[in-house]
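> For reference, the structure I am asking about is given below.
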There are 2 protein chains.
Amino acid sequence: MKVVKKITEVREEIRKARCKGKSIGLVPTMGFLHSGHLSLVRESVSGCTFTVVSIFVNPTQFGKSEDYGTYPRDIQRDLMMLKKERVDLVFTPSVEEMYRQDAETYVIVDKLSRVLEGRFRPSHFRGVCTIVCKLFNIVMPDRAYFGWKDAQQLVVIKKMVEDLNIPVEVVGCPTVREKDGLAASSRNVYIKDKDKEKALSLYKGLKKIEETFLKKKLKDSGALIRIGKKVIEKYPDVKLQYLKIVSMDNLAPIKRIEGKVLVLGAIKLSSVRLIDNVILTCR
Amino acid sequence: MKVVKKITEVREEIRKARCKGKSIGLVPTMGFLHSGHLSLVRESVSGCTFTVVSIFVNPTQFGKSEDYGTYPRDIQRDLMMLKKERVDLVFTPSVEEMYRQDAETYVIVDKLSRVLEGRFRPSHFRGVCTIVCKLFNIVMPDRAYFGWKDAQQLVVIKKMVEDLNIPVEVVGCPTVREKDGLAASSRNVYIKDKDKEKALSLYKGLKKIEETFLKKKLKDSGALIRIGKKVIEKYPDVKLQYLKIVSMDNLAPIKRIEGKVLVLGAIKLSSVRLIDNVILTCR
């Protein structure tokens with residue numbers, strides 16, 4: 001496994017891999033890897049013959065009052081984990097390598113970035129799209145892997161790829177959960193032991209919606225959301241930011257469930273913000 | 001010379017050319033070709049082994065009150081001209097092929113797009129950057145050719161390519177002029193015979209600035225601009241929109257000329273808008 005910090009080095013390694021006829025998979029991450037990231041890496045290693053993992057805490061996707069400075073980092077641990085997975089190349093650029101001081105180009109997916117997470121994190125998806133577009137241009141992968149845990153991010157990136165004709169196949173992978181059901185996330189380290197139960201409230205609300213949908217065949221979104229909210233409201237100190245049922249393609253609100261839909265939400269627990277979702281399939 | 005309308009057809013032709021080890025040059029145009037376009041095509045044909053010309057009147061770079069509907073088009077004449085130049089592939093997509101109805105992704109070069117032309121055409125460069133980014137992703141050329149006639153466009157595209165790490169070499173080619181000095185432009189067909197002299201006012205102002213700079217070694221931008229404006233003001237019915245001396249790299253205003261600088265302006269002559277520029281080099 002090679003670890004490089006420079007864009008020119010990535011391009012050179014990719015050129016060599018292409019010469020050997022390799023197919024390239026990219027897993028973009030912000031590091032502090034967990035089982036969710038590893039599932040993406042495994043998907044890439046099994047589907048492509050050359051896997052690149054990028055580790056870059058991207059400043060432009062954090063709001064001014066968000067946790068860029070304190071976002072957890074442990075590059076040595078990350079590299080050990082990736083080596084075990086037989087990753088071929090790890091790209092760990094500095095902020096200066098990725099952004100010139102006078103950088104002023106942005107990629108914007110307009111409407112999809114303004115709803116749900118976008119209402120609470122106005123410039124977040126602009127930062128995500130711009131860095132992902134840059135990574136695609138640097139690595140030029142055949143496939144790129146993202147988790148359904150960040151469902152809106154995945155939908156936004158798929159839209160960007162389609163609208164800009166980027167020659168990459170975007171692969172969405174299922175959310176990985178801890179034993180208790182909490183969706184794997186680097187930000188879970190922020191959760192104090194005494195708050196673990198409260199952090200699970202969103203997942204429990206989502207699960208209740210899923211159960212009601214499956215067992216009672218209830219398809220009315222309004223009724224399902226009310227049932228989910230009731231579960232979350234039982235937990236003290238948990239502030240629900242949103243809980244919605246939307247289309248998997250374009251995040252449009254769904255009134256009556258047909259086909260596949262996303263149920264997604266965000267909660268705030270003191271200063272920790274958590275998101276999660278489940279997918280409902282109407283057969 | 002092959003002419004195709006579909007993105008998938010372009011990708012297939014490019015794949016075949018790449019297999020043969022060809023280097024790919026792209027000349028993006030809006031058609032109604034003139035000597036300026038042909039100079040770009042010749043540069044590509046001489047510098048690359050496979051030249052692609054795109055012909056697409058891009059609706060998203062026209063303002064609501066601008067000339068999208070009346071922009072001159074003559075695809076048969078264009079194709080004859082390109083055949084003579086030994087172009088390999090011409091891409092003539094429909095609007096529907098390039099933009100899905102629900103397209104909502106934009107590429108924005110922020111500050112550079114707001115000055116000069118941007119003040120008169122607020123969403124113009126957003127449209128230009130988005131379509132050029134799409135064409136780059138479809139054709140994946142080694143080099144792409146643009147004229148210095150549209151100086152700000154060239155600077156904006158170079159910035160986009162740098163900021164987004166797009167693996168394309170952007171080549172700027174000198175402005176081609178008609179015998180009388182008027183910069184070649186598809187929009188020159190809008191100029192009535194009786195207005196030809198007035199249309200030349202901008203070029204004459206720019207020439208006067210260049211002469212004063214070369215002969216009198218005058219390097220003060222303010223003084224040079226005043227001299228240029230005086231020339232243009234002599235022409236009745238010509239409305240000067242701006243006349244500035246700026247850096248070739250970042251379009252920043254220049255007070256005292258050093259190195260290479262751009263002198264650029266825009267005039268309006270009844271409903272016809274014309275732009276032009278000259279480059280001054282301080283030795």
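Simple scheme: letters A, B, ... for chains in structure tokens order, numbers from 1 for residues in each chain, numbers from 1 for ligands in the order shown.
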When DSSP is applied to the backbone of this structure, which of segment 6-161 of chain B are assigned alpha helix (DSSP H)? Write them out as a VMD selection string.
chain B and resid 7 to 19 35 to 47 75 to 84 95 to 98 117 to 120 124 to 139 151 to 161
> Please report as a count of residues only which residues of chain B come no farther than 9 Å from chain A, using only C-alpha atoms.
31
> Looking at A:Asp195, A:Gly63, A:Phe213, A:Arg283, which one is nearest to Gly118 of chain A, with distances taken over only C-alpha atoms?
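Result for the nearest residue to Gly118 of chain A: A:Gly63.
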> Can you move chain B onto chain A by a least-squares fit over all C-alpha atoms paired in order, then give me the moved copy as a short mmCIF file (atom, residue, chain, number, x, y, z; two decimals) with C-alpha atoms, in the first residue's frame?

data_model
loop_
_atom_site.label_atom_id
_atom_site.label_comp_id
_atom_site.auth_asym_id
_atom_site.auth_seq_id
_atom_site.Cartn_x
_atom_site.Cartn_y
_atom_site.Cartn_z
CA MET B 1 0.00 -0.02 -0.01
CA LYS B 2 1.40 3.32 -1.10
CA VAL B 3 0.63 6.52 0.81
CA VAL B 4 1.02 9.82 -1.06
CA LYS B 5 0.35 13.45 -0.25
CA LYS B 6 0.68 15.13 -3.64
CA ILE B 7 -1.80 15.30 -6.52
CA THR B 8 0.99 14.69 -9.03
CA GLU B 9 1.90 11.47 -7.16
CA VAL B 10 -1.71 10.25 -7.33
CA ARG B 11 -1.84 10.94 -11.07
CA GLU B 12 1.41 9.03 -11.57
CA GLU B 13 0.20 5.98 -9.59
CA ILE B 14 -3.12 6.02 -11.47
CA ARG B 15 -1.30 6.25 -14.80
CA LYS B 16 0.75 3.19 -13.91
CA ALA B 17 -2.34 1.28 -12.74
CA ARG B 18 -4.19 2.18 -15.97
CA CYS B 19 -1.21 0.96 -18.01
CA LYS B 20 -1.61 -2.41 -16.30
CA GLY B 21 -5.30 -2.41 -17.29
CA LYS B 22 -6.54 -1.98 -13.72
CA SER B 23 -10.05 -0.78 -12.92
CA ILE B 24 -9.99 2.00 -10.35
CA GLY B 25 -12.22 2.29 -7.29
CA LEU B 26 -12.24 5.42 -5.10
CA VAL B 27 -13.44 5.66 -1.51
CA PRO B 28 -13.37 9.33 -0.46
CA THR B 29 -13.23 9.70 3.35
CA MET B 30 -12.48 12.25 6.04
CA GLY B 31 -10.56 9.61 7.98
CA PHE B 32 -11.08 8.37 11.55
CA LEU B 33 -12.28 5.24 9.84
CA HIS B 34 -14.98 2.97 11.20
CA SER B 35 -16.83 -0.15 10.09
CA GLY B 36 -18.94 1.91 7.67
CA HIS B 37 -15.86 3.11 5.79
CA LEU B 38 -14.43 -0.40 5.78
CA SER B 39 -17.57 -1.77 4.14
CA LEU B 40 -17.06 0.76 1.32
CA VAL B 41 -13.40 -0.20 1.03
CA ARG B 42 -14.29 -3.92 0.85
CA GLU B 43 -16.87 -3.21 -1.83
CA SER B 44 -14.22 -1.39 -3.86
CA VAL B 45 -11.54 -4.03 -3.32
CA SER B 46 -13.94 -6.75 -4.43
CA GLY B 47 -15.32 -4.79 -7.40
CA CYS B 48 -12.18 -3.06 -8.73
CA THR B 49 -8.57 -4.17 -9.23
CA PHE B 50 -7.04 -0.96 -7.82
CA THR B 51 -8.53 0.79 -4.80
CA VAL B 52 -7.73 4.37 -3.81
CA VAL B 53 -8.81 5.75 -0.43
CA SER B 54 -8.57 9.49 0.15
CA ILE B 55 -8.33 10.83 3.69
CA PHE B 56 -9.00 14.54 3.83
CA VAL B 57 -10.95 16.53 6.40
CA ASN B 58 -12.41 18.99 3.91
CA PRO B 59 -12.70 22.44 5.50
CA THR B 60 -15.13 23.82 2.90
CA GLN B 61 -17.94 21.46 3.87
CA PHE B 62 -17.97 22.63 7.50
CA GLY B 63 -20.01 25.65 8.53
CA LYS B 64 -18.32 28.41 10.50
CA SER B 65 -19.82 27.23 13.79
CA GLU B 66 -19.26 23.54 13.02
CA ASP B 67 -16.63 21.07 14.20
CA TYR B 68 -13.84 21.37 11.61
CA GLY B 69 -11.21 22.06 14.25
CA THR B 70 -12.25 19.24 16.56
CA TYR B 71 -13.23 16.65 13.95
CA PRO B 72 -11.52 13.42 15.10
CA ARG B 73 -8.31 12.48 13.30
CA ASP B 74 -6.01 9.44 13.67
CA ILE B 75 -4.08 8.91 10.47
CA GLN B 76 -1.80 6.13 11.80
CA ARG B 77 -4.75 4.01 12.92
CA ASP B 78 -6.50 4.71 9.59
CA LEU B 79 -3.49 3.55 7.58
CA MET B 80 -3.19 0.32 9.61
CA MET B 81 -6.84 -0.46 8.97
CA LEU B 82 -6.51 0.22 5.25
CA LYS B 83 -3.39 -1.89 4.92
CA LYS B 84 -5.29 -4.88 6.30
CA GLU B 85 -7.95 -4.35 3.65
CA ARG B 86 -5.33 -4.47 0.89
CA VAL B 87 -5.95 -0.97 -0.35
CA ASP B 88 -3.54 -0.02 -3.16
CA LEU B 89 -3.18 3.73 -2.70
CA VAL B 90 -4.01 6.17 0.09
CA PHE B 91 -4.12 9.88 -0.69
CA THR B 92 -3.64 12.13 2.36
CA PRO B 93 -3.26 15.66 1.01
CA SER B 94 -2.81 18.81 3.07
CA VAL B 95 -5.38 21.60 2.87
CA GLU B 96 -2.83 23.63 0.89
CA GLU B 97 -2.43 20.80 -1.62
CA MET B 98 -6.18 20.68 -2.25
CA TYR B 99 -7.02 24.39 -2.16
CA ARG B 100 -4.92 27.22 -3.48
CA GLN B 101 -5.39 30.33 -1.40
CA ASP B 102 -7.22 32.04 -4.25
CA ALA B 103 -9.49 29.07 -5.06
CA GLU B 104 -12.95 30.35 -5.98
CA THR B 105 -14.58 27.63 -8.06
CA TYR B 106 -17.60 25.81 -6.70
CA VAL B 107 -19.81 23.00 -7.88
CA ILE B 108 -23.40 23.50 -6.81
CA VAL B 109 -26.33 21.10 -7.02
CA ASP B 110 -28.97 23.71 -6.50
CA LYS B 111 -32.32 22.51 -5.20
CA LEU B 112 -31.22 19.18 -3.70
CA SER B 113 -28.68 21.03 -1.55
CA ARG B 114 -31.20 23.41 -0.05
CA VAL B 115 -33.58 20.93 1.58
CA LEU B 116 -33.23 18.71 4.69
CA GLU B 117 -29.56 18.93 5.79
CA GLY B 118 -29.17 21.99 3.59
CA ARG B 119 -31.55 23.99 5.76
CA PHE B 120 -29.26 23.43 8.75
CA ARG B 121 -25.96 23.40 6.85
CA PRO B 122 -26.33 25.99 4.05
CA SER B 123 -22.93 25.65 2.38
CA HIS B 124 -22.27 22.00 3.26
CA PHE B 125 -23.14 20.35 -0.05
CA ARG B 126 -21.35 23.02 -2.04
CA GLY B 127 -18.22 21.99 -0.16
CA VAL B 128 -18.94 18.29 -0.63
CA CYS B 129 -19.63 18.57 -4.37
CA THR B 130 -16.57 20.70 -5.00
CA ILE B 131 -14.15 18.38 -3.20
CA VAL B 132 -15.70 15.22 -4.69
CA CYS B 133 -15.52 16.75 -8.17
CA LYS B 134 -11.84 17.57 -7.54
CA LEU B 135 -11.10 14.05 -6.28
CA PHE B 136 -12.85 12.58 -9.33
CA ASN B 137 -10.68 14.74 -11.60
CA ILE B 138 -7.52 13.74 -9.75
CA VAL B 139 -8.17 9.99 -9.44
CA MET B 140 -10.49 9.50 -12.45
CA PRO B 141 -11.96 6.34 -10.93
CA ASP B 142 -14.29 3.93 -12.72
CA ARG B 143 -16.36 3.66 -9.55
CA ALA B 144 -16.69 5.70 -6.38
CA TYR B 145 -18.23 4.39 -3.17
CA PHE B 146 -20.42 6.31 -0.72
CA GLY B 147 -22.56 5.16 2.21
CA TRP B 148 -26.34 5.41 2.34
CA LYS B 149 -25.85 6.66 5.91
CA ASP B 150 -25.33 10.09 4.36
CA ALA B 151 -28.32 9.62 2.09
CA GLN B 152 -28.71 13.19 0.92
CA GLN B 153 -24.99 13.40 0.14
CA LEU B 154 -25.31 10.30 -2.02
CA VAL B 155 -28.35 11.66 -3.89
CA VAL B 156 -26.62 15.02 -4.41
CA ILE B 157 -23.42 13.40 -5.71
CA LYS B 158 -25.35 11.13 -8.07
CA LYS B 159 -27.12 14.21 -9.40
CA MET B 160 -23.85 16.11 -9.86
CA VAL B 161 -22.33 13.17 -11.73
CA GLU B 162 -25.35 12.91 -14.01
CA ASP B 163 -25.71 16.66 -14.65
CA LEU B 164 -22.00 17.23 -15.34
CA ASN B 165 -21.57 13.98 -17.34
CA ILE B 166 -18.78 12.86 -15.04
CA PRO B 167 -17.63 9.42 -16.25
CA VAL B 168 -17.84 7.72 -12.84
CA GLU B 169 -20.22 5.08 -11.53
CA VAL B 170 -21.41 6.15 -8.08
CA VAL B 171 -22.07 3.14 -5.86
CA GLY B 172 -24.21 3.50 -2.74
CA CYS B 173 -23.52 1.03 0.08
CA PRO B 174 -25.83 0.10 3.00
CA THR B 175 -25.49 1.83 6.36
CA VAL B 176 -23.37 -0.11 8.83
CA ARG B 177 -24.61 -0.06 12.44
CA GLU B 178 -23.06 -0.67 15.83
CA LYS B 179 -24.46 -3.56 17.87
CA ASP B 180 -27.08 -1.35 19.48
CA GLY B 181 -28.26 -0.04 16.11
CA LEU B 182 -26.49 3.32 16.11
CA ALA B 183 -25.32 4.16 12.57
CA ALA B 184 -21.52 4.03 12.36
CA SER B 185 -20.09 7.56 12.17
CA SER B 186 -16.79 9.22 13.02
CA ARG B 187 -18.78 11.72 15.05
CA ASN B 188 -20.06 8.98 17.39
CA VAL B 189 -16.92 9.59 19.50
CA TYR B 190 -18.54 12.86 20.53
CA ILE B 191 -21.34 10.99 22.32
CA LYS B 192 -20.84 10.64 26.07
CA ASP B 193 -21.65 7.24 27.60
CA LYS B 194 -24.56 8.66 29.55
CA ASP B 195 -26.05 9.97 26.28
CA LYS B 196 -25.78 6.70 24.30
CA GLU B 197 -29.42 5.85 24.93
CA LYS B 198 -30.58 9.27 23.80
CA ALA B 199 -28.40 9.08 20.69
CA LEU B 200 -30.35 5.96 19.72
CA SER B 201 -33.66 7.83 19.78
CA LEU B 202 -33.54 8.71 16.07
CA TYR B 203 -32.82 5.14 15.05
CA LYS B 204 -35.62 3.89 17.31
CA GLY B 205 -38.03 6.35 15.74
CA LEU B 206 -36.97 5.22 12.26
CA LYS B 207 -37.29 1.56 13.27
CA LYS B 208 -40.79 2.17 14.63
CA ILE B 209 -41.76 3.73 11.31
CA GLU B 210 -40.31 0.77 9.43
CA GLU B 211 -42.11 -1.74 11.65
CA THR B 212 -45.44 0.07 11.34
CA PHE B 213 -45.02 0.24 7.59
CA LEU B 214 -44.13 -3.47 7.30
CA LYS B 215 -46.59 -4.92 9.80
CA LYS B 216 -49.58 -2.65 9.47
CA LYS B 217 -49.03 -1.85 5.79
CA LEU B 218 -49.46 1.81 6.72
CA LYS B 219 -48.44 3.90 3.69
CA ASP B 220 -49.48 7.39 4.70
CA SER B 221 -46.32 9.42 5.27
CA GLY B 222 -47.94 11.91 7.62
CA ALA B 223 -49.19 9.14 9.92
CA LEU B 224 -45.84 7.32 9.83
CA ILE B 225 -43.92 10.48 10.67
CA ARG B 226 -46.22 11.19 13.61
CA ILE B 227 -45.53 7.70 14.96
CA GLY B 228 -41.77 8.16 14.59
CA LYS B 229 -41.82 11.60 16.20
CA LYS B 230 -43.68 10.21 19.22
CA VAL B 231 -40.82 7.78 19.86
CA ILE B 232 -38.16 10.48 19.59
CA GLU B 233 -40.09 12.96 21.72
CA LYS B 234 -39.97 10.55 24.66
CA TYR B 235 -36.23 11.17 25.02
CA PRO B 236 -35.30 14.21 27.10
CA ASP B 237 -32.70 16.66 25.71
CA VAL B 238 -33.04 15.26 22.20
CA LYS B 239 -33.92 17.99 19.72
CA LEU B 240 -35.40 16.67 16.49
CA GLN B 241 -34.33 18.88 13.59
CA TYR B 242 -36.35 17.10 10.92
CA LEU B 243 -37.93 13.74 10.12
CA LYS B 244 -39.20 13.28 6.56
CA ILE B 245 -40.19 10.70 4.00
CA VAL B 246 -38.83 11.56 0.58
CA SER B 247 -38.08 10.13 -2.86
CA MET B 248 -34.76 8.31 -3.15
CA ASP B 249 -34.14 9.92 -6.53
CA ASN B 250 -34.82 13.58 -5.94
CA LEU B 251 -35.63 13.99 -2.22
CA ALA B 252 -39.14 15.24 -3.07
CA PRO B 253 -41.62 14.81 -0.19
CA ILE B 254 -43.72 11.66 -0.51
CA LYS B 255 -47.33 11.63 0.68
CA ARG B 256 -48.15 7.99 0.07
CA ILE B 257 -45.42 5.40 -0.09
CA GLU B 258 -44.83 3.69 -3.43
CA GLY B 259 -41.67 1.93 -4.62
CA LYS B 260 -38.57 2.77 -2.60
CA VAL B 261 -38.51 5.78 -0.30
CA LEU B 262 -36.13 7.32 2.20
CA VAL B 263 -37.12 8.08 5.78
CA LEU B 264 -34.50 10.42 7.12
CA GLY B 265 -33.92 12.61 10.11
CA ALA B 266 -31.47 14.63 12.16
CA ILE B 267 -31.29 15.15 15.91
CA LYS B 268 -29.22 17.35 18.12
CA LEU B 269 -28.05 16.14 21.50
CA SER B 270 -26.38 19.05 23.30
CA SER B 271 -23.74 20.06 20.72
CA VAL B 272 -23.66 16.71 18.88
CA ARG B 273 -25.61 16.48 15.63
CA LEU B 274 -26.57 13.01 14.36
CA ILE B 275 -28.29 11.93 11.15
CA ASP B 276 -29.74 8.57 10.16
CA ASN B 277 -32.21 7.02 7.74
CA VAL B 278 -33.94 3.84 6.68
CA ILE B 279 -35.16 2.80 3.25
CA LEU B 280 -38.74 1.52 2.90
CA THR B 281 -39.63 -0.67 -0.05
CA CYS B 282 -43.24 -1.08 -1.11
CA ARG B 283 -43.61 -4.42 -2.87
#
> Using the chain letters and numbers from this document, which residues of segment 55-164 of chain B does DSSP assign to strand (DSSP E or B), as JSON, numbers by chain?
{"B": [55, 89, 90, 91, 105, 106, 107, 108, 109, 143, 144, 145, 146, 147]}
> Pull all heavy atoms from the residues just selected and write them as a short mmCIF file (atom, residue, chain, number, x, y, z; two decimals), in the first residue's frame.

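The resulting out-v8.cif:
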data_model
loop_
_atom_site.label_atom_id
_atom_site.label_comp_id
_atom_site.auth_asym_id
_atom_site.auth_seq_id
_atom_site.Cartn_x
_atom_site.Cartn_y
_atom_site.Cartn_z
N ILE B 55 -20.35 21.90 -31.65
CA ILE B 55 -21.19 23.02 -32.10
C ILE B 55 -22.47 22.96 -31.28
O ILE B 55 -23.27 22.04 -31.43
CB ILE B 55 -21.51 22.91 -33.61
CG1 ILE B 55 -20.22 22.94 -34.42
CG2 ILE B 55 -22.45 24.04 -34.03
CD1 ILE B 55 -20.43 22.82 -35.92
N LEU B 89 -13.88 14.71 -35.60
CA LEU B 89 -15.21 14.46 -35.04
C LEU B 89 -15.90 15.78 -34.74
O LEU B 89 -15.29 16.68 -34.17
CB LEU B 89 -15.06 13.64 -33.74
CG LEU B 89 -16.35 13.22 -33.03
CD1 LEU B 89 -17.15 12.22 -33.86
CD2 LEU B 89 -16.01 12.61 -31.65
N VAL B 90 -17.16 15.88 -35.17
CA VAL B 90 -17.96 17.06 -34.83
C VAL B 90 -19.13 16.58 -33.97
O VAL B 90 -19.81 15.61 -34.31
CB VAL B 90 -18.48 17.79 -36.09
CG1 VAL B 90 -19.21 19.07 -35.69
CG2 VAL B 90 -17.34 18.11 -37.03
N PHE B 91 -19.33 17.28 -32.87
CA PHE B 91 -20.40 16.93 -31.92
C PHE B 91 -21.44 18.03 -31.96
O PHE B 91 -21.16 19.18 -31.64
CB PHE B 91 -19.78 16.79 -30.52
CG PHE B 91 -20.76 16.47 -29.42
CD1 PHE B 91 -21.79 15.55 -29.60
CD2 PHE B 91 -20.62 17.06 -28.17
CE1 PHE B 91 -22.67 15.24 -28.57
CE2 PHE B 91 -21.50 16.76 -27.12
CZ PHE B 91 -22.52 15.85 -27.33
N THR B 105 -27.22 21.42 -11.69
CA THR B 105 -25.84 21.52 -11.23
C THR B 105 -25.11 22.62 -12.00
O THR B 105 -25.21 22.70 -13.22
CB THR B 105 -25.11 20.17 -11.43
OG1 THR B 105 -25.86 19.16 -10.76
CG2 THR B 105 -23.70 20.22 -10.88
N TYR B 106 -24.41 23.45 -11.26
CA TYR B 106 -23.68 24.57 -11.86
C TYR B 106 -22.24 24.58 -11.40
O TYR B 106 -21.95 24.23 -10.26
CB TYR B 106 -24.32 25.90 -11.46
CG TYR B 106 -25.78 25.97 -11.78
CD1 TYR B 106 -26.72 25.83 -10.78
CD2 TYR B 106 -26.22 26.13 -13.09
CE1 TYR B 106 -28.09 25.87 -11.07
CE2 TYR B 106 -27.57 26.17 -13.38
CZ TYR B 106 -28.49 26.04 -12.37
OH TYR B 106 -29.83 26.06 -12.66
N VAL B 107 -21.36 25.02 -12.30
CA VAL B 107 -19.98 25.28 -11.92
C VAL B 107 -19.80 26.79 -11.91
O VAL B 107 -20.12 27.47 -12.90
CB VAL B 107 -18.99 24.62 -12.89
CG1 VAL B 107 -17.56 24.89 -12.45
CG2 VAL B 107 -19.25 23.12 -12.97
N ILE B 108 -19.32 27.30 -10.79
CA ILE B 108 -19.21 28.74 -10.62
C ILE B 108 -17.79 29.12 -10.28
O ILE B 108 -17.20 28.57 -9.34
CB ILE B 108 -20.17 29.21 -9.49
CG1 ILE B 108 -21.61 29.04 -9.95
CG2 ILE B 108 -19.88 30.65 -9.08
CD1 ILE B 108 -22.62 29.27 -8.87
N VAL B 109 -17.21 30.02 -11.08
CA VAL B 109 -15.95 30.66 -10.70
C VAL B 109 -16.37 32.03 -10.15
O VAL B 109 -16.82 32.89 -10.89
CB VAL B 109 -15.00 30.79 -11.90
CG1 VAL B 109 -13.72 31.51 -11.50
CG2 VAL B 109 -14.67 29.40 -12.45
N ARG B 143 -6.11 18.65 -24.72
CA ARG B 143 -6.02 20.11 -24.83
C ARG B 143 -7.35 20.67 -25.31
O ARG B 143 -8.07 20.01 -26.07
CB ARG B 143 -4.94 20.53 -25.84
CG ARG B 143 -3.54 20.14 -25.40
CD ARG B 143 -2.48 20.74 -26.31
NE ARG B 143 -1.23 20.01 -26.09
CZ ARG B 143 -0.88 18.91 -26.74
NH1 ARG B 143 -1.65 18.44 -27.72
NH2 ARG B 143 0.24 18.30 -26.46
N ALA B 144 -7.65 21.89 -24.86
CA ALA B 144 -8.86 22.55 -25.34
C ALA B 144 -8.47 23.97 -25.74
O ALA B 144 -7.65 24.61 -25.07
CB ALA B 144 -9.94 22.58 -24.27
N TYR B 145 -9.06 24.44 -26.83
CA TYR B 145 -8.62 25.69 -27.46
C TYR B 145 -9.69 26.76 -27.36
O TYR B 145 -10.86 26.53 -27.70
CB TYR B 145 -8.28 25.42 -28.92
CG TYR B 145 -7.13 24.43 -29.07
CD1 TYR B 145 -7.36 23.06 -28.99
CD2 TYR B 145 -5.81 24.86 -29.22
CE1 TYR B 145 -6.30 22.15 -29.08
CE2 TYR B 145 -4.75 23.97 -29.31
CZ TYR B 145 -5.01 22.62 -29.24
OH TYR B 145 -3.97 21.72 -29.32
N PHE B 146 -9.29 27.93 -26.88
CA PHE B 146 -10.19 29.08 -26.74
C PHE B 146 -9.48 30.32 -27.26
O PHE B 146 -8.26 30.42 -27.18
CB PHE B 146 -10.58 29.28 -25.28
CG PHE B 146 -11.33 28.13 -24.67
CD1 PHE B 146 -10.65 27.06 -24.10
CD2 PHE B 146 -12.72 28.10 -24.69
CE1 PHE B 146 -11.35 25.98 -23.56
CE2 PHE B 146 -13.43 27.04 -24.15
CZ PHE B 146 -12.74 25.97 -23.59
N GLY B 147 -10.26 31.29 -27.77
CA GLY B 147 -9.66 32.50 -28.32
C GLY B 147 -9.47 33.58 -27.26
O GLY B 147 -10.29 33.73 -26.35
#
